[in-house]
Amino acid sequence: MQRDAAVASSLAVADSLARDLTDPAQNQAVLDAASALLAGSTSSEEITRLHNAAVAVEADAVARSRTRLLAAGTDAAAHLSVVFAMYGETGRMSTRDEHLHGEDLVRVKVRQLDWLTAGTALTWSLVAVDDGCPDTPSSAEMMDGIVTAEGYPAAGHRSVTVLRLADVITDGPSIGSVFDALTSATQSRKGGSILAGLAHALRAPVAGRHVVAYTDADLSANLAQLGALTARILSVEAGRATIAALGQRYGAPDAVLVLPTGLVREPLSTGSKPNKLIVLFRHAVRATLIPDLAHVLDTQAGFKAFEAGALRDVLPLMSSFDESFDIELLIRLVDRNGADALAVEPIVFVEDYAATNFPSLEAGEQHLAMVHQVVGLYDRFLAPSRPAEGESAALLALVRDLDLPAYVRLIAGLRAEDTGDDTLFDSRWPAAHLRELAGL
């Protein structure tokens, strides 16, 4: 009996801390609370009392996002295009009454963008790309039905467009020589769908400035936070233009991860991750071989915004369609605009492990592939002009030699040695020691 009471008590505490993305009342409460914060009629403490800390911190983030958007000067015409890819998203596209993991993601994303842009000259559009979803009906078919039922426009402000990557590959206009050589959606992963969506967004006629963003299909990152990213691009700070604003789920001081057990910030955001050493080792390799991106700690975050002209310059050159497409895109933008043109923005991010399509938290083949992809990008874009030397060359040789058993041994060795200090993304290990841990 005591044990049952303790379990019930722990579950009640978890519920009081959690951000339930399937709860329509909670999703709307974030926007309503943010409006009240902007009006000065409530406080974060009151929101926490009425709802919970997760709702309060997200409401505060979107309120600050809208404040920054308004300060950037939204009286001039500008347009925000938002792209996301879909694969197996029919569950989350449903409502909670229809599916265990239902987030009603399409309607909620629309409400978030409407809230952000209300009363401004900023218009918006949403583009979703089906990545070859195997569900029946597919993600594209289900979203088409929602678009029709809600009467969203086909073009212009508040338009919602559904594309199928297979159709873009077969019948779509040219995107770039490598993309155009694809013959099937199975040759691409998420990257191909995002690039197809970005290309579609860039072709739309837009009055004034144009910002193009991409996000994930789920509701982990509230789209009302795009105001902060858009403001960085619409503004010129300290005489420098920003052509890319990159959301950071961790690493940045003001970033917040919302877990089922509550809110975490650095150093716990990274320090308490079960895959901490996987993340830190990958960053060490990336920062060493691609130093211009060393300040972007969370390169894989699906919450990025770009100035349309800068994106248009590099999109036809893209050749990566797997997990590394984000990094290639940033490398190409840096090559034309300099590392200072890439700004990082902390965001509030709700970890949504339910129905995820991402790899496990244990060291495995997909994690090793991501490290090897970094080396592949280095070989293609930096090696000819910046050959690795000294310790960098030794680290490069080590990664080239890593097979899956050696990689698993390496991560296990780093975990065994981890002291739990706050070094985190500044962690660098001698290549000779890493080789020893890997058993090479």
# chains A, B, ... in the order shown; residues from 1 in each chain; ligands from 1
call {"tool": "residues_around", "arguments": {"residues": "stretch 438-440 of chain A", "least_positions_apart": "2", "cutoff": "6 Å", "atoms": "only C-alpha atoms", "output": "MDAnalysis selection string"}}
result
chainID A and resid 406 409:410 435:436
call {"tool": "write_last_selection", "arguments": {"atoms": "N, CA and C atoms", "output": "PDB file, in the first residue's frame"}}
result
ATOM      1  N   ALA A 406      34.608  -0.558 -32.463  1.00  0.00           N
ATOM      2  CA  ALA A 406      35.574   0.394 -31.901  1.00  0.00           C
ATOM      3  C   ALA A 406      34.874   1.645 -31.390  1.00  0.00           C
ATOM      4  N   ARG A 409      33.211   0.880 -28.100  1.00  0.00           N
ATOM      5  CA  ARG A 409      34.232   0.840 -27.036  1.00  0.00           C
ATOM      6  C   ARG A 409      34.678   2.251 -26.662  1.00  0.00           C
ATOM      7  N   LEU A 410      34.829   3.106 -27.663  1.00  0.00           N
ATOM      8  CA  LEU A 410      35.269   4.485 -27.422  1.00  0.00           C
ATOM      9  C   LEU A 410      34.273   5.235 -26.538  1.00  0.00           C
ATOM     10  N   ARG A 435      42.224   6.676 -29.334  1.00  0.00           N
ATOM     11  CA  ARG A 435      42.577   5.435 -30.052  1.00  0.00           C
ATOM     12  C   ARG A 435      42.739   4.273 -29.077  1.00  0.00           C
ATOM     13  N   GLU A 436      43.315   4.564 -27.918  1.00  0.00           N
ATOM     14  CA  GLU A 436      43.499   3.537 -26.908  1.00  0.00           C
ATOM     15  C   GLU A 436      42.136   3.063 -26.374  1.00  0.00           C
TER      16      GLU A 436
END
call {"tool": "residues_around", "arguments": {"residues": "stretch 286-296 of chain A", "least_positions_apart": "6", "cutoff": "7 Å", "atoms": "only C-alpha atoms", "output": "mmCIF file with C-alpha atoms, in the first residue's frame"}}
result
data_model
loop_
_atom_site.group_PDB
_atom_site.id
_atom_site.type_symbol
_atom_site.label_atom_id
_atom_site.label_comp_id
_atom_site.auth_asym_id
_atom_site.auth_seq_id
_atom_site.Cartn_x
_atom_site.Cartn_y
_atom_site.Cartn_z
ATOM 1 C CA ALA A 339 30.926 32.580 -39.841
ATOM 2 C CA VAL A 344 22.583 31.138 -32.552
ATOM 3 C CA VAL A 374 31.317 15.021 -40.676
ATOM 4 C CA TYR A 378 35.474 17.883 -44.303
ATOM 5 C CA SER A 392 43.647 17.537 -35.922
#
call {"tool": "closest_atom_pairs", "arguments": {"of": "stretch 95-174 of chain A", "to": "stretch 219-234 of chain A", "cutoff": "6 Å", "atoms": "only C-alpha atoms", "output": "Markdown table"}}
result
| residue | atom | partner | partner_atom | distance |
| --- | --- | --- | --- | --- |
| A:Gln112 | CA | A:Ala224 | CA | 5.2 |
| A:Leu113 | CA | A:Ala224 | CA | 5.8 |
| A:Leu116 | CA | A:Ala224 | CA | 5.2 |
call {"tool": "closest_atom_pairs", "arguments": {"of": "stretch 279-318 of chain A", "to": "stretch 81-91 of chain A", "cutoff": "12 Å", "atoms": "only C-alpha atoms", "output": "JSON lines"}}
result
{"residue": "A:Gly302", "atom": "CA", "partner": "A:Phe84", "partner_atom": "CA", "distance": 8.7}
{"residue": "A:Phe303", "atom": "CA", "partner": "A:Phe84", "partner_atom": "CA", "distance": 9.7}
{"residue": "A:Lys304", "atom": "CA", "partner": "A:Val82", "partner_atom": "CA", "distance": 9.6}
{"residue": "A:Ala305", "atom": "CA", "partner": "A:Val82", "partner_atom": "CA", "distance": 8.6}
{"residue": "A:Phe306", "atom": "CA", "partner": "A:Ser81", "partner_atom": "CA", "distance": 9.8}
{"residue": "A:Glu307", "atom": "CA", "partner": "A:Ser81", "partner_atom": "CA", "distance": 10.6}
{"residue": "A:Ala308", "atom": "CA", "partner": "A:Ser81", "partner_atom": "CA", "distance": 9.5}
call {"tool": "write_last_selection", "arguments": {"atoms": "C-alpha atoms", "output": "PDB file, in the first residue's frame"}}
result
ATOM      1  CA  GLY A 302      15.276  21.339 -36.496  1.00  0.00           C
ATOM      2  CA  PHE A 303      14.604  25.016 -35.870  1.00  0.00           C
ATOM      3  CA  LYS A 304      16.522  27.245 -38.272  1.00  0.00           C
ATOM      4  CA  ALA A 305      15.685  30.413 -40.226  1.00  0.00           C
ATOM      5  CA  PHE A 306      17.457  31.911 -43.237  1.00  0.00           C
ATOM      6  CA  GLU A 307      17.455  35.085 -45.293  1.00  0.00           C
ATOM      7  CA  ALA A 308      15.893  33.978 -48.578  1.00  0.00           C
TER       8      ALA A 308
END
call {"tool": "residues_around", "arguments": {"residues": "A:Leu268", "least_positions_apart": "4", "cutoff": "10 Å", "atoms": "only C-alpha atoms", "output": "PyMOL selection string"}}
result
chain A and resi 250-251+256-257+263-264+272-273+420+422+424
call {"tool": "atom_distance", "arguments": {"atom1": "atom CA of A:Glu46", "atom2": "atom CA of A:Ala71"}}
result
26.1 Å
call {"tool": "closest_atom_pairs", "arguments": {"of": "stretch 173-250 of chain A", "to": "stretch 313-336 of chain A", "cutoff": "8 Å", "atoms": "only C-alpha atoms", "output": "JSON lines"}}
result
{"residue": "A:Ile175", "atom": "CA", "partner": "A:Pro316", "partner_atom": "CA", "distance": 5.5}
{"residue": "A:Gly176", "atom": "CA", "partner": "A:Pro316", "partner_atom": "CA", "distance": 3.9}
{"residue": "A:Ser177", "atom": "CA", "partner": "A:Pro316", "partner_atom": "CA", "distance": 7.0}
{"residue": "A:Val178", "atom": "CA", "partner": "A:Ser319", "partner_atom": "CA", "distance": 5.5}
{"residue": "A:Phe179", "atom": "CA", "partner": "A:Ser319", "partner_atom": "CA", "distance": 6.7}
{"residue": "A:Ser188", "atom": "CA", "partner": "A:Phe321", "partner_atom": "CA", "distance": 5.3}
{"residue": "A:Arg189", "atom": "CA", "partner": "A:Asp322", "partner_atom": "CA", "distance": 5.0}
{"residue": "A:Lys190", "atom": "CA", "partner": "A:Asp322", "partner_atom": "CA", "distance": 6.3}
{"residue": "A:Gly191", "atom": "CA", "partner": "A:Phe321", "partner_atom": "CA", "distance": 4.1}
{"residue": "A:Gly192", "atom": "CA", "partner": "A:Phe321", "partner_atom": "CA", "distance": 4.7}
{"residue": "A:Leu195", "atom": "CA", "partner": "A:Leu315", "partner_atom": "CA", "distance": 7.4}
{"residue": "A:Ala199", "atom": "CA", "partner": "A:Leu315", "partner_atom": "CA", "distance": 7.4}
call {"tool": "atom_distance", "arguments": {"atom1": "atom CA of A:Glu103", "atom2": "atom CA of A:Gly247"}}
result
21.8 Å
call {"tool": "select_by_dssp", "arguments": {"residues": "stretch 200-282 of chain A", "states": "alpha helix (DSSP H)", "output": "mmCIF file with N, CA and C atoms, in the first residue's frame"}}
result
data_model
loop_
_atom_site.group_PDB
_atom_site.id
_atom_site.type_symbol
_atom_site.label_atom_id
_atom_site.label_comp_id
_atom_site.auth_asym_id
_atom_site.auth_seq_id
_atom_site.Cartn_x
_atom_site.Cartn_y
_atom_site.Cartn_z
ATOM 1 N N HIS A 200 10.605 25.040 -52.776
ATOM 2 C CA HIS A 200 9.229 25.451 -53.072
ATOM 3 C C HIS A 200 8.931 26.810 -52.451
ATOM 4 N N ALA A 201 9.344 26.999 -51.200
ATOM 5 C CA ALA A 201 9.088 28.269 -50.520
ATOM 6 C C ALA A 201 9.787 29.427 -51.227
ATOM 7 N N LEU A 202 10.989 29.195 -51.719
ATOM 8 C CA LEU A 202 11.737 30.263 -52.383
ATOM 9 C C LEU A 202 11.116 30.678 -53.711
ATOM 10 N N ARG A 203 10.346 29.787 -54.329
ATOM 11 C CA ARG A 203 9.724 30.121 -55.622
ATOM 12 C C ARG A 203 8.448 30.947 -55.461
ATOM 13 N N LEU A 226 9.688 31.531 -33.528
ATOM 14 C CA LEU A 226 10.354 31.969 -34.760
ATOM 15 C C LEU A 226 10.440 33.488 -34.854
ATOM 16 N N GLY A 227 9.679 34.194 -34.039
ATOM 17 C CA GLY A 227 9.797 35.651 -34.036
ATOM 18 C C GLY A 227 11.196 36.104 -33.672
ATOM 19 N N ALA A 228 11.821 35.428 -32.708
ATOM 20 C CA ALA A 228 13.176 35.793 -32.295
ATOM 21 C C ALA A 228 14.174 35.534 -33.418
ATOM 22 N N LEU A 229 14.020 34.413 -34.125
ATOM 23 C CA LEU A 229 14.929 34.104 -35.228
ATOM 24 C C LEU A 229 14.710 35.049 -36.395
ATOM 25 N N THR A 230 13.434 35.312 -36.707
ATOM 26 C CA THR A 230 13.114 36.226 -37.804
ATOM 27 C C THR A 230 13.644 37.622 -37.514
ATOM 28 N N ALA A 231 13.532 38.063 -36.267
ATOM 29 C CA ALA A 231 14.018 39.394 -35.891
ATOM 30 C C ALA A 231 15.515 39.523 -36.121
ATOM 31 N N ARG A 232 16.278 38.456 -35.844
ATOM 32 C CA ARG A 232 17.729 38.505 -36.077
ATOM 33 C C ARG A 232 18.043 38.751 -37.537
ATOM 34 N N ILE A 233 17.220 38.195 -38.419
ATOM 35 C CA ILE A 233 17.477 38.336 -39.854
ATOM 36 C C ILE A 233 16.966 39.667 -40.381
ATOM 37 N N LEU A 234 15.835 40.137 -39.885
ATOM 38 C CA LEU A 234 15.285 41.409 -40.349
ATOM 39 C C LEU A 234 16.060 42.600 -39.808
ATOM 40 N N LEU A 268 22.991 21.072 -16.944
ATOM 41 C CA LEU A 268 22.252 19.818 -16.879
ATOM 42 C C LEU A 268 21.656 19.409 -18.223
ATOM 43 N N SER A 269 21.342 20.393 -19.108
ATOM 44 C CA SER A 269 20.740 20.039 -20.395
ATOM 45 C C SER A 269 21.595 19.026 -21.131
ATOM 46 N N THR A 270 22.904 19.271 -21.118
ATOM 47 C CA THR A 270 23.822 18.326 -21.742
ATOM 48 C C THR A 270 24.359 17.325 -20.728
ATOM 49 N N GLY A 271 24.686 17.813 -19.535
ATOM 50 C CA GLY A 271 25.325 16.964 -18.534
ATOM 51 C C GLY A 271 24.491 15.787 -18.084
ATOM 52 N N LYS A 276 25.084 11.839 -23.593
ATOM 53 C CA LYS A 276 25.984 12.984 -23.436
ATOM 54 C C LYS A 276 27.295 12.807 -24.197
ATOM 55 N N LEU A 277 27.969 11.684 -23.996
ATOM 56 C CA LEU A 277 29.290 11.516 -24.620
ATOM 57 C C LEU A 277 29.191 11.320 -26.122
ATOM 58 N N ILE A 278 28.081 10.766 -26.590
ATOM 59 C CA ILE A 278 27.856 10.672 -28.034
ATOM 60 C C ILE A 278 27.813 12.070 -28.640
ATOM 61 N N VAL A 279 27.059 12.967 -27.989
ATOM 62 C CA VAL A 279 26.912 14.344 -28.465
ATOM 63 C C VAL A 279 28.242 15.091 -28.382
ATOM 64 N N LEU A 280 28.939 14.968 -27.251
ATOM 65 C CA LEU A 280 30.170 15.733 -27.050
ATOM 66 C C LEU A 280 31.305 15.255 -27.956
ATOM 67 N N PHE A 281 31.399 13.949 -28.173
ATOM 68 C CA PHE A 281 32.439 13.456 -29.076
ATOM 69 C C PHE A 281 32.168 13.934 -30.498
ATOM 70 N N ARG A 282 30.912 13.849 -30.940
ATOM 71 C CA ARG A 282 30.585 14.319 -32.287
ATOM 72 C C ARG A 282 30.905 15.811 -32.424
#
call {"tool": "closest_residue", "arguments": {"among": "A:Leu395, A:Leu38, A:Leu69, A:Ala245", "to": "A:Asp340", "atoms": "only C-alpha atoms"}}
result
A:Ala245
call {"tool": "closest_residue", "arguments": {"among": "A:Asp23, A:Asp135, A:Asp60, A:Asp167", "to": "A:Asp97", "atoms": "only C-alpha atoms"}}
result
A:Asp23
